[in-house]
>>> print(open('run-v1.tsv').read())   # TSV, N, CA and C atoms
chain	number	residue	atom	x	y	z
K	1418	MET	N	-86.06	122.24	-8.37
K	1418	MET	CA	-85.99	123.01	-9.59
K	1418	MET	C	-85.25	124.30	-9.32
K	1419	SER	N	-84.66	124.84	-10.33
K	1419	SER	CA	-83.89	126.05	-10.15
K	1419	SER	C	-84.80	127.28	-10.09
K	1420	THR	N	-84.28	128.31	-9.43
K	1420	THR	CA	-84.96	129.60	-9.43
K	1420	THR	C	-84.03	130.58	-10.12
K	1421	SER	N	-84.39	131.83	-10.15
K	1421	SER	CA	-83.53	132.80	-10.81
K	1421	SER	C	-82.23	133.04	-10.04
K	1422	THR	N	-82.16	132.58	-8.76
K	1422	THR	CA	-80.95	132.80	-7.97
K	1422	THR	C	-80.15	131.53	-7.71
K	1423	THR	N	-80.66	130.39	-8.16
K	1423	THR	CA	-79.95	129.12	-7.97
K	1423	THR	C	-79.97	128.30	-9.25
K	1424	ALA	N	-79.11	127.31	-9.30
K	1424	ALA	CA	-79.12	126.32	-10.38
K	1424	ALA	C	-79.60	125.00	-9.78
K	1425	SER	N	-79.92	124.04	-10.61
K	1425	SER	CA	-80.30	122.71	-10.11
K	1425	SER	C	-79.58	121.65	-10.92
K	1426	VAL	N	-79.46	120.45	-10.32
K	1426	VAL	CA	-78.68	119.37	-10.92
K	1426	VAL	C	-79.45	118.06	-10.84
K	1427	SER	N	-79.36	117.28	-11.90
K	1427	SER	CA	-79.85	115.90	-11.89
K	1427	SER	C	-78.86	115.06	-12.69
K	1428	THR	N	-78.94	113.75	-12.53
K	1428	THR	CA	-78.03	112.87	-13.25
K	1428	THR	C	-78.69	111.51	-13.48
K	1429	HIS	N	-78.13	110.76	-14.38
K	1429	HIS	CA	-78.47	109.35	-14.53
K	1429	HIS	C	-77.25	108.63	-15.08
K	1430	ILE	N	-77.24	107.30	-14.91
K	1430	ILE	CA	-76.09	106.49	-15.33
K	1430	ILE	C	-76.58	105.35	-16.21
K	1431	LEU	N	-75.91	105.17	-17.34
K	1431	LEU	CA	-76.14	104.02	-18.21
K	1431	LEU	C	-74.88	103.17	-18.19
K	1432	ASP	N	-75.02	101.90	-17.83
K	1432	ASP	CA	-73.91	100.96	-17.87
K	1432	ASP	C	-73.80	100.46	-19.31
K	1433	THR	N	-72.85	101.01	-20.05
K	1433	THR	CA	-72.73	100.68	-21.47
K	1433	THR	C	-72.19	99.28	-21.70
K	1434	SER	N	-71.65	98.62	-20.67
K	1434	SER	CA	-71.16	97.25	-20.84
K	1434	SER	C	-72.32	96.27	-20.99
K	1435	VAL	N	-73.50	96.66	-20.52
K	1435	VAL	CA	-74.67	95.80	-20.65
K	1435	VAL	C	-75.84	96.51	-21.32
K	1436	GLY	N	-75.68	97.80	-21.61
K	1436	GLY	CA	-76.74	98.56	-22.26
K	1436	GLY	C	-77.96	98.77	-21.40
K	1437	ARG	N	-77.76	98.89	-20.09
K	1437	ARG	CA	-78.86	99.06	-19.16
K	1437	ARG	C	-78.54	100.16	-18.13
K	1438	PRO	N	-79.57	100.70	-17.49
K	1438	PRO	CA	-79.32	101.68	-16.44
K	1438	PRO	C	-78.53	101.05	-15.30
K	1439	ALA	N	-77.73	101.86	-14.64
K	1439	ALA	CA	-76.95	101.41	-13.49
K	1439	ALA	C	-77.67	101.83	-12.22
K	1440	GLY	N	-78.38	100.91	-11.62
K	1440	GLY	CA	-79.10	101.19	-10.39
K	1440	GLY	C	-78.23	100.96	-9.17
K	1441	GLY	N	-78.53	101.70	-8.11
K	1441	GLY	CA	-77.84	101.50	-6.84
K	1441	GLY	C	-76.47	102.13	-6.73
K	1442	VAL	N	-76.14	103.06	-7.61
K	1442	VAL	CA	-74.84	103.75	-7.53
K	1442	VAL	C	-74.97	104.95	-6.60
K	1443	ALA	N	-74.12	104.99	-5.58
K	1443	ALA	CA	-74.13	106.14	-4.67
K	1443	ALA	C	-73.58	107.37	-5.38
K	1444	VAL	N	-74.25	108.50	-5.19
K	1444	VAL	CA	-73.85	109.76	-5.81
K	1444	VAL	C	-73.82	110.82	-4.71
K	1445	HIS	N	-72.69	111.54	-4.61
K	1445	HIS	CA	-72.56	112.61	-3.62
K	1445	HIS	C	-72.42	113.93	-4.36
K	1446	LEU	N	-73.04	114.96	-3.80
K	1446	LEU	CA	-73.07	116.28	-4.41
K	1446	LEU	C	-72.34	117.28	-3.51
K	1447	ALA	N	-71.50	118.09	-4.11
K	1447	ALA	CA	-70.82	119.17	-3.40
K	1447	ALA	C	-70.88	120.42	-4.27
K	1448	ALA	N	-70.75	121.59	-3.64
K	1448	ALA	CA	-70.81	122.85	-4.38
K	1448	ALA	C	-69.83	123.83	-3.76
K	1449	ARG	N	-69.47	124.83	-4.55
K	1449	ARG	CA	-68.66	125.93	-4.03
K	1449	ARG	C	-69.09	127.21	-4.71
K	1450	SER	N	-68.72	128.33	-4.11
K	1450	SER	CA	-69.17	129.63	-4.60
K	1450	SER	C	-68.04	130.42	-5.23
K	1451	GLY	N	-67.15	129.74	-5.91
K	1451	GLY	CA	-66.05	130.39	-6.61
K	1451	GLY	C	-64.90	129.41	-6.78
K	1452	ALA	N	-64.05	129.68	-7.74
K	1452	ALA	CA	-62.96	128.75	-8.05
K	1452	ALA	C	-62.00	128.55	-6.88
K	1453	ASP	N	-61.87	129.53	-6.01
K	1453	ASP	CA	-60.96	129.41	-4.87
K	1453	ASP	C	-61.67	129.06	-3.57
K	1454	ALA	N	-62.97	128.90	-3.60
K	1454	ALA	CA	-63.75	128.59	-2.39
K	1454	ALA	C	-63.62	127.10	-2.05
K	1455	ASP	N	-63.86	126.77	-0.79
K	1455	ASP	CA	-63.86	125.38	-0.34
K	1455	ASP	C	-65.13	124.69	-0.80
K	1456	TRP	N	-65.02	123.39	-1.05
K	1456	TRP	CA	-66.19	122.59	-1.40
K	1456	TRP	C	-67.06	122.39	-0.18
K	1457	GLN	N	-68.36	122.47	-0.37
K	1457	GLN	CA	-69.35	122.24	0.68
K	1457	GLN	C	-70.12	120.98	0.30
K	1458	ALA	N	-70.00	119.93	1.11
K	1458	ALA	CA	-70.77	118.71	0.87
K	1458	ALA	C	-72.24	119.00	1.12
K	1459	LEU	N	-73.07	118.65	0.15
K	1459	LEU	CA	-74.50	118.93	0.26
K	1459	LEU	C	-75.33	117.70	0.57
K	1460	GLY	N	-74.75	116.54	0.37
K	1460	GLY	CA	-75.48	115.29	0.61
K	1460	GLY	C	-75.41	114.41	-0.62
K	1461	GLY	N	-76.26	113.43	-0.65
K	1461	GLY	CA	-76.21	112.52	-1.77
K	1461	GLY	C	-77.46	111.68	-1.88
K	1462	SER	N	-77.37	110.72	-2.75
K	1462	SER	CA	-78.48	109.83	-3.03
K	1462	SER	C	-77.90	108.60	-3.73
K	1463	ALA	N	-78.74	107.82	-4.32
K	1463	ALA	CA	-78.31	106.68	-5.12
K	1463	ALA	C	-79.23	106.58	-6.33
K	1464	THR	N	-78.70	106.03	-7.40
K	1464	THR	CA	-79.52	105.89	-8.60
K	1464	THR	C	-80.60	104.83	-8.37
K	1465	ASP	N	-81.75	105.06	-8.97
K	1465	ASP	CA	-82.85	104.10	-8.86
K	1465	ASP	C	-82.70	103.02	-9.93
K	1466	ALA	N	-83.68	102.16	-10.06
K	1466	ALA	CA	-83.62	101.06	-11.02
K	1466	ALA	C	-83.52	101.56	-12.46
K	1467	ASP	N	-83.93	102.79	-12.72
K	1467	ASP	CA	-83.84	103.39	-14.05
K	1467	ASP	C	-82.52	104.15	-14.21
K	1468	GLY	N	-81.61	104.05	-13.22
K	1468	GLY	CA	-80.32	104.72	-13.29
K	1468	GLY	C	-80.38	106.20	-12.99
K	1469	ARG	N	-81.54	106.69	-12.53
K	1469	ARG	CA	-81.71	108.12	-12.29
K	1469	ARG	C	-81.56	108.47	-10.82
K	1470	CYS	N	-81.02	109.63	-10.60
K	1470	CYS	CA	-80.86	110.17	-9.25
K	1470	CYS	C	-81.70	111.44	-9.20
K	1471	LYS	N	-82.95	111.28	-8.78
K	1471	LYS	CA	-83.92	112.36	-8.88
K	1471	LYS	C	-83.99	113.25	-7.64
K	1472	ASP	N	-83.35	112.85	-6.56
K	1472	ASP	CA	-83.54	113.57	-5.31
K	1472	ASP	C	-82.25	114.15	-4.74
K	1473	LEU	N	-81.41	114.67	-5.61
K	1473	LEU	CA	-80.20	115.34	-5.13
K	1473	LEU	C	-80.57	116.63	-4.39
K	1474	PRO	N	-79.81	116.99	-3.38
K	1474	PRO	CA	-80.12	118.22	-2.64
K	1474	PRO	C	-80.07	119.46	-3.53
K	1475	ALA	N	-80.80	120.48	-3.10
K	1475	ALA	CA	-80.79	121.76	-3.82
K	1475	ALA	C	-79.43	122.44	-3.67
K	1476	LEU	N	-79.06	123.21	-4.66
K	1476	LEU	CA	-77.81	123.98	-4.59
K	1476	LEU	C	-78.05	125.28	-3.84
K	1477	PRO	N	-77.10	125.67	-3.01
K	1477	PRO	CA	-77.26	126.95	-2.31
K	1477	PRO	C	-77.11	128.14	-3.26
K	1478	GLU	N	-77.71	129.23	-2.89
K	1478	GLU	CA	-77.56	130.46	-3.66
K	1478	GLU	C	-76.08	130.82	-3.72
K	1479	GLY	N	-75.64	131.31	-4.87
K	1479	GLY	CA	-74.24	131.70	-5.06
K	1479	GLY	C	-73.34	130.59	-5.56
K	1480	THR	N	-73.90	129.39	-5.81
K	1480	THR	CA	-73.09	128.28	-6.32
K	1480	THR	C	-72.58	128.59	-7.71
K	1481	THR	N	-71.28	128.38	-7.92
K	1481	THR	CA	-70.69	128.58	-9.24
K	1481	THR	C	-70.10	127.29	-9.80
K	1482	HIS	N	-69.76	126.35	-8.93
K	1482	HIS	CA	-69.19	125.07	-9.34
K	1482	HIS	C	-69.86	123.94	-8.58
K	1483	VAL	N	-70.05	122.83	-9.28
K	1483	VAL	CA	-70.70	121.66	-8.70
K	1483	VAL	C	-69.80	120.45	-8.95
K	1484	ARG	N	-69.80	119.54	-7.97
K	1484	ARG	CA	-69.04	118.30	-8.11
K	1484	ARG	C	-69.96	117.13	-7.81
K	1485	LEU	N	-70.01	116.17	-8.72
K	1485	LEU	CA	-70.73	114.92	-8.52
K	1485	LEU	C	-69.70	113.81	-8.36
K	1486	ASP	N	-69.80	113.06	-7.29
K	1486	ASP	CA	-68.92	111.91	-7.04
K	1486	ASP	C	-69.74	110.64	-7.13
K	1487	PHE	N	-69.35	109.73	-8.03
K	1487	PHE	CA	-70.05	108.48	-8.25
K	1487	PHE	C	-69.21	107.32	-7.70
K	1488	ASP	N	-69.79	106.47	-6.86
K	1488	ASP	CA	-69.09	105.31	-6.30
K	1488	ASP	C	-69.22	104.14	-7.26
K	1489	THR	N	-68.36	104.11	-8.26
K	1489	THR	CA	-68.45	103.07	-9.28
K	1489	THR	C	-67.87	101.73	-8.83
K	1490	GLU	N	-66.90	101.76	-7.92
K	1490	GLU	CA	-66.28	100.51	-7.47
K	1490	GLU	C	-67.29	99.59	-6.79
K	1491	THR	N	-68.08	100.13	-5.89
K	1491	THR	CA	-69.08	99.32	-5.19
K	1491	THR	C	-70.10	98.75	-6.18
K	1492	TYR	N	-70.53	99.59	-7.13
K	1492	TYR	CA	-71.48	99.12	-8.15
K	1492	TYR	C	-70.91	97.94	-8.93
K	1493	PHE	N	-69.70	98.08	-9.45
K	1493	PHE	CA	-69.13	97.00	-10.26
K	1493	PHE	C	-68.76	95.78	-9.42
K	1494	ALA	N	-68.39	95.96	-8.16
K	1494	ALA	CA	-68.09	94.83	-7.29
K	1494	ALA	C	-69.35	93.99	-7.07
K	1495	LYS	N	-70.48	94.66	-6.83
K	1495	LYS	CA	-71.75	93.94	-6.67
K	1495	LYS	C	-72.14	93.23	-7.96
K	1496	LYS	N	-71.95	93.93	-9.06
K	1496	LYS	CA	-72.28	93.34	-10.36
K	1496	LYS	C	-71.39	92.13	-10.63
K	1497	GLN	N	-70.10	92.23	-10.29
K	1497	GLN	CA	-69.15	91.14	-10.49
K	1497	GLN	C	-69.54	89.94	-9.64
K	1498	ALA	N	-69.92	90.18	-8.40
K	1498	ALA	CA	-70.30	89.09	-7.51
K	1498	ALA	C	-71.55	88.38	-8.03
K	1499	ALA	N	-72.46	89.13	-8.63
K	1499	ALA	CA	-73.69	88.54	-9.15
K	1499	ALA	C	-73.47	87.76	-10.44
K	1500	ALA	N	-72.43	88.10	-11.17
K	1500	ALA	CA	-72.15	87.43	-12.46
K	1500	ALA	C	-70.75	86.83	-12.41
K	1501	GLN	N	-70.55	85.80	-11.63
K	1501	GLN	CA	-69.23	85.24	-11.40
K	1501	GLN	C	-68.59	84.64	-12.64
K	1502	GLN	N	-69.33	84.50	-13.71
K	1502	GLN	CA	-68.78	83.94	-14.92
K	1502	GLN	C	-68.08	84.98	-15.78
K	1503	ASP	N	-67.95	86.19	-15.30
K	1503	ASP	CA	-67.31	87.26	-16.07
K	1503	ASP	C	-65.80	87.23	-15.87
K	1504	ALA	N	-65.18	86.10	-16.19
K	1504	ALA	CA	-63.75	85.93	-15.98
K	1504	ALA	C	-62.89	86.98	-16.68
K	1505	PRO	N	-63.22	87.41	-17.91
K	1505	PRO	CA	-62.37	88.43	-18.54
K	1505	PRO	C	-62.25	89.72	-17.73
K	1506	ALA	N	-63.29	90.10	-17.01
K	1506	ALA	CA	-63.21	91.33	-16.21
K	1506	ALA	C	-62.16	91.18	-15.13
K	1507	LEU	N	-62.08	90.01	-14.49
K	1507	LEU	CA	-61.06	89.79	-13.47
K	1507	LEU	C	-59.68	89.64	-14.09
K	1508	ARG	N	-59.60	88.92	-15.18
K	1508	ARG	CA	-58.32	88.69	-15.84
K	1508	ARG	C	-57.71	89.99	-16.36
K	1509	ASP	N	-58.54	90.86	-16.90
K	1509	ASP	CA	-58.05	92.07	-17.52
K	1509	ASP	C	-57.84	93.23	-16.56
K	1510	SER	N	-58.38	93.13	-15.37
K	1510	SER	CA	-58.27	94.25	-14.45
K	1510	SER	C	-57.02	94.14	-13.59
K	1511	GLU	N	-56.56	95.28	-13.11
K	1511	GLU	CA	-55.39	95.31	-12.24
K	1511	GLU	C	-55.74	94.78	-10.87
K	1512	ASN	N	-54.87	93.97	-10.30
K	1512	ASN	CA	-55.03	93.47	-8.93
K	1512	ASN	C	-56.36	92.75	-8.70
K	1513	GLY	N	-56.95	92.22	-9.76
K	1513	GLY	CA	-58.20	91.50	-9.60
K	1513	GLY	C	-59.40	92.37	-9.30
K	1514	ARG	N	-59.26	93.68	-9.40
K	1514	ARG	CA	-60.39	94.58	-9.14
K	1514	ARG	C	-61.33	94.55	-10.34
K	1515	PRO	N	-62.62	94.63	-10.08
K	1515	PRO	CA	-63.58	94.55	-11.17
K	1515	PRO	C	-63.77	95.86	-11.94
K	1516	VAL	N	-63.03	96.91	-11.57
K	1516	VAL	CA	-63.22	98.18	-12.23
K	1516	VAL	C	-61.91	98.97	-12.21
K	1517	PHE	N	-61.60	99.61	-13.28
K	1517	PHE	CA	-60.38	100.41	-13.38
K	1517	PHE	C	-60.53	101.75	-12.68
K	1518	PHE	N	-61.71	102.35	-12.79
K	1518	PHE	CA	-61.99	103.63	-12.14
K	1518	PHE	C	-62.89	103.37	-10.92
K	1519	PRO	N	-62.33	103.37	-9.70
K	1519	PRO	CA	-63.14	103.08	-8.52
K	1519	PRO	C	-64.14	104.18	-8.19
K	1520	GLU	N	-63.89	105.36	-8.69
K	1520	GLU	CA	-64.84	106.46	-8.52
K	1520	GLU	C	-64.72	107.37	-9.73
K	1521	VAL	N	-65.78	108.07	-9.99
K	1521	VAL	CA	-65.80	109.06	-11.06
K	1521	VAL	C	-66.24	110.37	-10.43
K	1522	THR	N	-65.43	111.40	-10.64
K	1522	THR	CA	-65.77	112.73	-10.13
K	1522	THR	C	-65.90	113.68	-11.30
K	1523	ILE	N	-67.04	114.33	-11.38
K	1523	ILE	CA	-67.33	115.28	-12.45
K	1523	ILE	C	-67.51	116.65	-11.81
K	1524	THR	N	-66.74	117.62	-12.28
K	1524	THR	CA	-66.84	118.99	-11.79
K	1524	THR	C	-67.24	119.88	-12.95
K	1525	PHE	N	-68.22	120.75	-12.72
K	1525	PHE	CA	-68.67	121.63	-13.79
K	1525	PHE	C	-69.14	122.97	-13.23
K	1526	ALA	N	-69.16	123.97	-14.09
K	1526	ALA	CA	-69.58	125.32	-13.71
K	1526	ALA	C	-71.07	125.48	-13.97
K	1527	VAL	N	-71.72	126.26	-13.11
K	1527	VAL	CA	-73.15	126.52	-13.26
K	1527	VAL	C	-73.43	128.01	-13.15
K	1528	VAL	N	-74.59	128.39	-13.67
K	1528	VAL	CA	-75.06	129.77	-13.53
K	1528	VAL	C	-76.48	129.72	-12.97
K	1529	PRO	N	-76.87	130.71	-12.20
K	1529	PRO	CA	-78.21	130.74	-11.61
K	1529	PRO	C	-79.30	130.64	-12.68
K	1530	GLY	N	-80.38	129.96	-12.31
K	1530	GLY	CA	-81.53	129.87	-13.19
K	1530	GLY	C	-81.48	128.74	-14.20
K	1531	GLU	N	-80.36	128.04	-14.29
K	1531	GLU	CA	-80.21	126.94	-15.25
K	1531	GLU	C	-80.36	125.60	-14.55
K	1532	HIS	N	-80.86	124.61	-15.30
K	1532	HIS	CA	-80.87	123.23	-14.81
K	1532	HIS	C	-79.77	122.47	-15.55
K	1533	TYR	N	-79.03	121.65	-14.83
K	1533	TYR	CA	-77.92	120.89	-15.39
K	1533	TYR	C	-78.19	119.41	-15.18
K	1534	HIS	N	-78.45	118.71	-16.29
K	1534	HIS	CA	-78.60	117.26	-16.25
K	1534	HIS	C	-77.30	116.68	-16.77
K	1535	VAL	N	-76.64	115.86	-15.96
K	1535	VAL	CA	-75.30	115.37	-16.29
K	1535	VAL	C	-75.32	113.84	-16.33
K	1536	PRO	N	-75.56	113.24	-17.50
K	1536	PRO	CA	-75.56	111.79	-17.63
K	1536	PRO	C	-74.13	111.24	-17.65
K	1537	LEU	N	-73.98	110.05	-17.06
K	1537	LEU	CA	-72.71	109.33	-17.04
K	1537	LEU	C	-72.89	108.03	-17.80
K	1538	LEU	N	-72.09	107.84	-18.84
K	1538	LEU	CA	-72.05	106.58	-19.58
K	1538	LEU	C	-70.86	105.81	-19.02
K	1539	LEU	N	-71.10	104.63	-18.49
K	1539	LEU	CA	-70.11	103.94	-17.66
K	1539	LEU	C	-69.88	102.51	-18.12
K	1540	ASN	N	-68.62	102.07	-18.05
K	1540	ASN	CA	-68.27	100.66	-18.18
K	1540	ASN	C	-67.07	100.41	-17.28
K	1541	PRO	N	-66.67	99.17	-17.06
K	1541	PRO	CA	-65.61	98.91	-16.08
K	1541	PRO	C	-64.27	99.57	-16.40
K	1542	PHE	N	-64.02	99.93	-17.65
K	1542	PHE	CA	-62.71	100.46	-18.01
K	1542	PHE	C	-62.76	101.83	-18.67
K	1543	GLY	N	-63.90	102.51	-18.57
K	1543	GLY	CA	-63.98	103.84	-19.14
K	1543	GLY	C	-65.32	104.49	-18.83
K	1544	TYR	N	-65.40	105.77	-19.09
K	1544	TYR	CA	-66.65	106.50	-18.89
K	1544	TYR	C	-66.65	107.74	-19.77
K	1545	SER	N	-67.85	108.27	-19.97
K	1545	SER	CA	-68.05	109.49	-20.72
K	1545	SER	C	-69.16	110.27	-20.03
K	1546	VAL	N	-69.09	111.57	-20.10
K	1546	VAL	CA	-70.08	112.40	-19.46
K	1546	VAL	C	-70.39	113.57	-20.37
K	1547	TYR	N	-71.59	114.12	-20.27
K	1547	TYR	CA	-71.97	115.26	-21.11
K	1547	TYR	C	-73.08	116.03	-20.43
K	1548	ARG	N	-73.33	117.24	-20.89
K	1548	ARG	CA	-74.48	118.00	-20.39
K	1548	ARG	C	-75.69	117.58	-21.20
K	1549	GLY	N	-76.63	117.00	-20.52
K	1549	GLY	CA	-77.86	116.55	-21.16
K	1549	GLY	C	-78.92	117.63	-21.09
K	1550	SER	N	-80.15	117.19	-21.30
K	1550	SER	CA	-81.26	118.16	-21.26
K	1550	SER	C	-82.33	117.68	-20.29
>>> encode(input="run-v1.tsv", output="structure tokens")
Amino acid sequence: MSTSTTASVSTHILDTSVGRPAGGVAVHLAARSGADADWQALGGSATDADGRCKDLPALPEGTTHVRLDFDTETYFAKKQAAAQQDAPALRDSENGRPVFFPEVTITFAVVPGEHYHVPLLLNPFGYSVYRGS
């Protein structure tokens, strides 16, 4: 949870192609303390069966920008292997890849004392993100 000197971050993913949470997606968290500062990798986690990533590392004091990196290619490759009858996904994708966006990176600004919940709405050929509550 955030304190008056830090912000906190959580996320979840909904696979809109099936209308269900996206479990097992690796998520990496990085932060920096200014627009010109270097990114500091803080660690990561993976979404649970409910698509939530509840155990992301805490942000260091002085964080002004946060980056979430989602490994969508591995998620959709596993999903594709499990549902081999999804021929349109292979036919419509470039080079036979099951996903157009192999990763999704979301960068946003934060202020101390605030909590930032950043949901990702995902499908093999597009995504949307917003600040949740």
>>> closest_residue(input="run-v1.tsv", among="K:Val1435, K:Leu1476, K:Ile1523, K:Val1546", to="K:Thr1422", atoms="only N, CA and C atoms")
K:Leu1476
>>> residues_around(input="run-v1.tsv", residues="K:Pro1536", least_positions_apart="6", cutoff="6 Å", atoms="all atoms listed in the file", output="ChimeraX atom specification")
/K:1428-1430,1545-1549
>>> select_by_dssp(input="run-v1.tsv", residues="chain K", states="helix (DSSP H, G or I)", output="MDAnalysis selection string")
chainID K and resid 1489:1499 1504:1509 1511:1513
>>> atom_distance(input="run-v1.tsv", atom1="atom C of K:Ala1447", atom2="atom C of K:Arg1469")
17.3 Å
>>> atom_distance(input="run-v1.tsv", atom1="atom C of K:Lys1495", atom2="atom N of K:Pro1541")
12.2 Å
>>> closest_residue(input="run-v1.tsv", among="K:Val1516, K:Val1442, K:Ala1452, K:Val1527", to="K:Ala1466", atoms="all atoms listed in the file")
K:Val1442
>>> closest_residue(input="run-v1.tsv", among="K:Ala1463, K:Asn1540, K:Ser1550, K:Pro1477", to="K:Ser1434", atoms="all atoms listed in the file")
K:Asn1540
>>> residues_near_point(input="run-v1.tsv", point="(-75.0, 109.9, -4.3)", cutoff="5 Å", atoms="all atoms listed in the file", output="compact mmCIF listing (two decimals) with N, CA and C atoms, in the coordinates of the input")
# COMPACT_ATOMS: atom_id res chain seq x y z
N ALA K 1443 -74.12 104.99 -5.58
CA ALA K 1443 -74.13 106.14 -4.67
C ALA K 1443 -73.58 107.37 -5.38
N VAL K 1444 -74.25 108.50 -5.19
CA VAL K 1444 -73.85 109.76 -5.81
C VAL K 1444 -73.82 110.82 -4.71
N HIS K 1445 -72.69 111.54 -4.61
CA HIS K 1445 -72.56 112.61 -3.62
C HIS K 1445 -72.42 113.93 -4.36
N GLY K 1461 -76.26 113.43 -0.65
CA GLY K 1461 -76.21 112.52 -1.77
C GLY K 1461 -77.46 111.68 -1.88
N SER K 1462 -77.37 110.72 -2.75
CA SER K 1462 -78.48 109.83 -3.03
C SER K 1462 -77.90 108.60 -3.73
N ALA K 1463 -78.74 107.82 -4.32
CA ALA K 1463 -78.31 106.68 -5.12
C ALA K 1463 -79.23 106.58 -6.33
>>> atom_distance(input="run-v1.tsv", atom1="atom CA of K:Leu1459", atom2="atom CA of K:His1532")
16.9 Å
>>> closest_residue(input="run-v1.tsv", among="K:Pro1519, K:Gly1468, K:Gly1460, K:Gly1451", to="K:Glu1490", atoms="only C-alpha atoms")
K:Pro1519
>>> closest_residue(input="run-v1.tsv", among="K:Thr1522, K:Ser1450, K:Ser1427, K:Ser1421", to="K:Phe1487", atoms="only C-alpha atoms")
K:Thr1522
>>> closest_residue(input="run-v1.tsv", among="K:Leu1538, K:Leu1473, K:Ala1526, K:Val1483", to="K:Ala1448", atoms="only C-alpha atoms")
K:Val1483
